[in-house]
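K.L.:
Provided herewith is a single structure, encoded as structure tokens, for subsequent inquiry.
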Amino acid sequence: VFSPLAAPRQAPSKEALRQLCRECFSSQPGDLGPLTLRLCPGLAAGPEEAEKLGAALHSLTRHVVYRGFTRAEDILALFPENFHQNLKNLLTKIILENISAWRNEAQASQISLPRLVDMDWRVDIKTSSDSISKIAVPTCLLQLQIQEDVALCGNSPVVSALTVELSKETLDTMLEGLGRIRDQLSAVANK
Amino acid sequence: ADKISLIPQDFFAELCEQIIQHLNHKIPGINTAELCQRIQTSGIEINAGDLAKIANIFSFLFSTAARNNLSTEELVITLGNAVSTLPKHALQVIRHVWNEQGKSISVSEDARNRASVGQFVDMKWKLGVAMSSDTCRSLRFPYVAVTLSVADPSGQVTDKSFEMSIPQFKNFFRQFKEMAAVLETV
């Protein structure tokens, strides 16, 4: 799988290689060939080789993130013996630079319940309505922006808005529940 | 109407009870999803959507009857042709419920019912740690999962679930404390 990388025809620029690694990590197998050809044209002989190369980089970067490697030795050990020395070191350096960002990306795109993306709120006082002429009821209007599971939506995330009204009583109930979560978090953190 | 005949008498009575209690503002919403689950467990095949529609129909029927101060007989007449399609046990329940509680339904709806948005009913939560995933063998990612129960203006309660990271949760909590503080001063 590494053979196309072992003897590159034309050494790509550091920046191009960096970008290629990033794109290969984030992209799906089908897109890797054209991506490689576009970003590092000298690296592969043609579309087939580009596809293999892209796939190799995709696997390599994903494997490093999966195993949680943080040391250069662990990454260097993944390359075959006769691999081009400079390229190996350069790739390892690039990977180390990007591990933390890639790990966050992996966490963000893992399967989960829908995620809270944003929240807005407003406090109103209802002063009158068609059935009662004079009242002064403070209420809270809350709007939550919730994004459906990223793994299901792929590149076009679906965000739905949930608008909820809370009275003082229901807000207190909510606060009580949230307080209990906070207490649990502290208890777990202290273990 | 044929769906109504699927519902056993005691479940139908419970549904009508909940509707009346909701109209009386004793409960914030009608939990059709939960009722549907129990009906399904007893072996009846009915889906939540149909049950919700039935709840809506009777909610409308009872509230209209309350507003017009209808007696039980007048209510039955309002049902009109539908009476013949309704199963006997359902009609029995409607008569009984209306006889017992029809007059008690307060017609004046208070300010809360004017909302065109959902009313918050309940929040359930869970604190979890995602240990591992197909992308990261050692993930150890703590999160808070929350389910909000919201009642829409017709009384249907729906649940919405979502996740938050810990920093997001802390911000979430802080916002609610701010809301409470503002509500106090207003």
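Labels used: A, B, ... for chains in the order of the structure tokens, numbers from 1 for residues in each chain, and numbers from 1 for ligands as shown.
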Might you pull out every residue within 8 Å of B:Ala145, with only C-alpha atoms counted and same-chain residues fewer than 4 positions away left off, and present them as a PyMOL selection string?
P.N.:
(chain A and resi 113) or (chain B and resi 125-128+161-164)
K.L.:
Counting only C-alpha atoms, what are the residues of chain A within 9 Å of chain B, and for each of them which pair of atoms is the nearest and at what distance in Å, to one decimal? Sort the table by chain and rising number, as CSV.
P.N.:
residue,atom,partner,partner_atom,distance
A:Arg62,CA,B:Thr135,CA,7.1
A:His63,CA,B:Thr135,CA,8.3
A:Val65,CA,B:Cys136,CA,6.1
A:Tyr66,CA,B:Cys136,CA,4.0
A:Arg67,CA,B:Arg137,CA,5.8
A:Gly68,CA,B:Ser138,CA,6.9
A:Arg103,CA,B:Cys136,CA,7.5
A:Ala106,CA,B:Thr135,CA,5.9
A:Gln107,CA,B:Leu139,CA,7.7
A:Gln110,CA,B:Ser133,CA,7.2
A:Ile111,CA,B:Ser133,CA,8.5
A:Ser112,CA,B:Glu163,CA,7.4
A:Leu113,CA,B:Phe162,CA,5.3
A:Pro114,CA,B:Phe162,CA,4.7
A:Arg115,CA,B:Glu163,CA,4.8
A:Leu116,CA,B:Met164,CA,6.0
A:Val117,CA,B:Met164,CA,8.7
A:Met119,CA,B:Phe172,CA,8.0
A:Asp120,CA,B:Gln175,CA,8.9
A:Trp121,CA,B:Met179,CA,7.8
A:Arg122,CA,B:Met179,CA,7.9
A:Val123,CA,B:Leu183,CA,6.9
A:Asp124,CA,B:Leu183,CA,8.8
A:Ile125,CA,B:Val186,CA,7.9
A:Lys126,CA,B:Ala111,CA,7.5
A:Ser128,CA,B:Ala111,CA,7.8
A:Ser129,CA,B:Ala111,CA,6.6
A:Asp130,CA,B:Arg114,CA,8.8
A:Ser131,CA,B:Ser108,CA,6.9
A:Ile132,CA,B:Asp110,CA,7.3
A:Ile135,CA,B:Ala111,CA,8.0
A:Val137,CA,B:Ala111,CA,8.0
A:Pro138,CA,B:Leu183,CA,6.4
A:Thr139,CA,B:Leu183,CA,7.4
A:Cys140,CA,B:Met179,CA,7.3
A:Leu141,CA,B:Val117,CA,8.6
A:Ile146,CA,B:Phe162,CA,7.2
A:Gln147,CA,B:Phe162,CA,8.5
A:Glu148,CA,B:Phe162,CA,8.6
A:Leu162,CA,B:Lys160,CA,8.4
A:Thr163,CA,B:Val117,CA,6.1
A:Val164,CA,B:Gly118,CA,4.9
A:Glu165,CA,B:Gln119,CA,4.9
A:Leu166,CA,B:Phe120,CA,5.7
A:Ser167,CA,B:Phe120,CA,8.3
A:Lys168,CA,B:Leu183,CA,7.0
A:Thr170,CA,B:Phe120,CA,6.8
A:Leu171,CA,B:Ala180,CA,6.9
A:Asp172,CA,B:Ala180,CA,7.6
A:Thr173,CA,B:Asp122,CA,7.9
A:Met174,CA,B:Met123,CA,6.7
A:Leu175,CA,B:Phe176,CA,6.8
A:Gly177,CA,B:Met123,CA,7.3
A:Leu178,CA,B:Phe173,CA,6.3
A:Gly179,CA,B:Phe173,CA,7.9
A:Ile181,CA,B:Leu127,CA,7.3
A:Arg182,CA,B:Lys170,CA,8.1
A:Gln184,CA,B:Leu127,CA,8.0
A:Leu185,CA,B:Leu127,CA,7.9
K.L.:
Could you state the separation of atom CA of A:Gln85 and atom CA of A:Leu60 in Å, given to one decimal place?
P.N.:
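Calculated distance between atom CA of A:Gln85 and atom CA of A:Leu60 is 16.5 Å.
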K.L.:
List as a VMD selection string the protein and nucleic acid residues near B:Phe62, meaning an atom at most 12 Å away when only C-alpha atoms are counted, but skip any in the same chain fewer than 6 places from it.
P.N.:
chain B and resid 16 to 24 55 to 56 68 to 72 74 to 76 78 to 79 94 to 95 97 to 99 101 to 107
K.L.:
Identify, with DSSP run on backbone atoms, the residues in stretch 9-177 of chain B assigned to strand (DSSP E), and express the list as a PyMOL selection string.
P.N.:
chain B and resi 118-130+141-151+157-165
K.L.:
Produce a file of the selected residues containing C-alpha atoms, as a PDB file, in the first residue's frame.
P.N.:
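Below you can see again35.pdb, which holds the result:
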ATOM      1  CA  GLY B 118     -44.541  24.775  23.019  1.00  0.00           C
ATOM      2  CA  GLN B 119     -44.732  24.688  26.780  1.00  0.00           C
ATOM      3  CA  PHE B 120     -41.860  23.111  28.628  1.00  0.00           C
ATOM      4  CA  VAL B 121     -43.045  20.070  30.532  1.00  0.00           C
ATOM      5  CA  ASP B 122     -40.076  18.103  31.781  1.00  0.00           C
ATOM      6  CA  MET B 123     -36.389  17.453  31.363  1.00  0.00           C
ATOM      7  CA  LYS B 124     -34.679  14.084  31.697  1.00  0.00           C
ATOM      8  CA  TRP B 125     -30.903  13.799  31.605  1.00  0.00           C
ATOM      9  CA  LYS B 126     -27.972  11.460  31.491  1.00  0.00           C
ATOM     10  CA  LEU B 127     -24.262  11.989  31.976  1.00  0.00           C
ATOM     11  CA  GLY B 128     -22.126   9.661  29.886  1.00  0.00           C
ATOM     12  CA  VAL B 129     -18.618   9.046  28.662  1.00  0.00           C
ATOM     13  CA  ALA B 130     -18.044   7.836  25.109  1.00  0.00           C
ATOM     14  CA  PHE B 141     -15.334  11.933  25.770  1.00  0.00           C
ATOM     15  CA  PRO B 142     -17.774  13.009  28.500  1.00  0.00           C
ATOM     16  CA  TYR B 143     -21.147  14.377  27.405  1.00  0.00           C
ATOM     17  CA  VAL B 144     -24.553  15.301  28.766  1.00  0.00           C
ATOM     18  CA  ALA B 145     -27.621  13.904  26.991  1.00  0.00           C
ATOM     19  CA  VAL B 146     -30.928  15.663  27.623  1.00  0.00           C
ATOM     20  CA  THR B 147     -34.540  14.893  26.668  1.00  0.00           C
ATOM     21  CA  LEU B 148     -36.932  17.840  26.783  1.00  0.00           C
ATOM     22  CA  SER B 149     -40.654  17.111  26.893  1.00  0.00           C
ATOM     23  CA  VAL B 150     -42.605  19.909  25.240  1.00  0.00           C
ATOM     24  CA  ALA B 151     -46.399  20.266  25.014  1.00  0.00           C
ATOM     25  CA  VAL B 157     -46.326  16.129  24.363  1.00  0.00           C
ATOM     26  CA  THR B 158     -43.308  15.417  22.208  1.00  0.00           C
ATOM     27  CA  ASP B 159     -39.786  14.616  23.293  1.00  0.00           C
ATOM     28  CA  LYS B 160     -36.673  16.137  21.802  1.00  0.00           C
ATOM     29  CA  SER B 161     -33.307  14.638  22.672  1.00  0.00           C
ATOM     30  CA  PHE B 162     -29.873  16.064  22.152  1.00  0.00           C
ATOM     31  CA  GLU B 163     -26.300  15.928  23.407  1.00  0.00           C
ATOM     32  CA  MET B 164     -23.938  18.536  24.738  1.00  0.00           C
ATOM     33  CA  SER B 165     -20.227  18.498  25.435  1.00  0.00           C
TER      34      SER B 165
END
K.L.:
When DSSP works through the backbone of this structure, what residues of stretch 87-122 of chain A end up as alpha helix (DSSP H), shown as a PyMOL selection string?
P.N.:
chain A and resi 87-108
K.L.:
Write to file, as a compact mmCIF listing (two decimals), in the first residue's frame, the residues of the selection just made, with C-alpha atoms.
P.N.:
# COMPACT_ATOMS: atom_id res chain seq x y z
CA LEU A 87 9.39 11.77 2.91
CA LYS A 88 8.86 9.54 5.94
CA ASN A 89 10.14 12.21 8.31
CA LEU A 90 8.16 14.94 6.61
CA LEU A 91 4.94 12.94 6.74
CA THR A 92 5.51 12.09 10.40
CA LYS A 93 6.05 15.75 11.19
CA ILE A 94 2.89 16.77 9.33
CA ILE A 95 0.86 14.08 11.06
CA LEU A 96 2.08 15.10 14.51
CA GLU A 97 1.11 18.70 13.78
CA ASN A 98 -2.41 17.73 12.85
CA ILE A 99 -3.22 14.94 15.33
CA SER A 100 -5.01 17.12 17.83
CA ALA A 101 -7.20 18.80 15.21
CA TRP A 102 -7.97 15.44 13.59
CA ARG A 103 -8.91 13.91 16.91
CA ASN A 104 -11.37 16.75 17.50
CA GLU A 105 -12.77 16.24 14.03
CA ALA A 106 -13.22 12.53 14.71
CA GLN A 107 -14.98 13.30 17.99
CA ALA A 108 -17.23 15.85 16.35
K.L.:
How far is it from atom CA of A:Glu48 to atom CA of A:Ser27, in Å with one decimal?
P.N.:
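Distance between the two atoms: 17.2 Å.
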K.L.:
Go ahead and compute the interatomic distance for atom CA of A:Cys21 and atom CA of A:Leu57, in Å to one decimal.
P.N.:
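One can read the atom CA of A:Cys21 to atom CA of A:Leu57 distance as 6.4 Å.
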K.L.:
I need the residue nearest A:Gly42 from this list: A:Ser109, A:Ser26, A:Ala16, A:Pro80. Use only C-alpha atoms for the distance.
P.N.:
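Among A:Ser109, A:Ser26, A:Ala16, A:Pro80, it is A:Ala16 that comes nearest to A:Gly42.
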K.L.:
Within 10 Å of B:Asp2, counting only C-alpha atoms, which residues qualify if same-chain residues fewer than 3 places away don't, as a list in words?
P.N.:
Ser5, Leu6, Ile7, Thr85, Leu86 and Pro87 of chain B
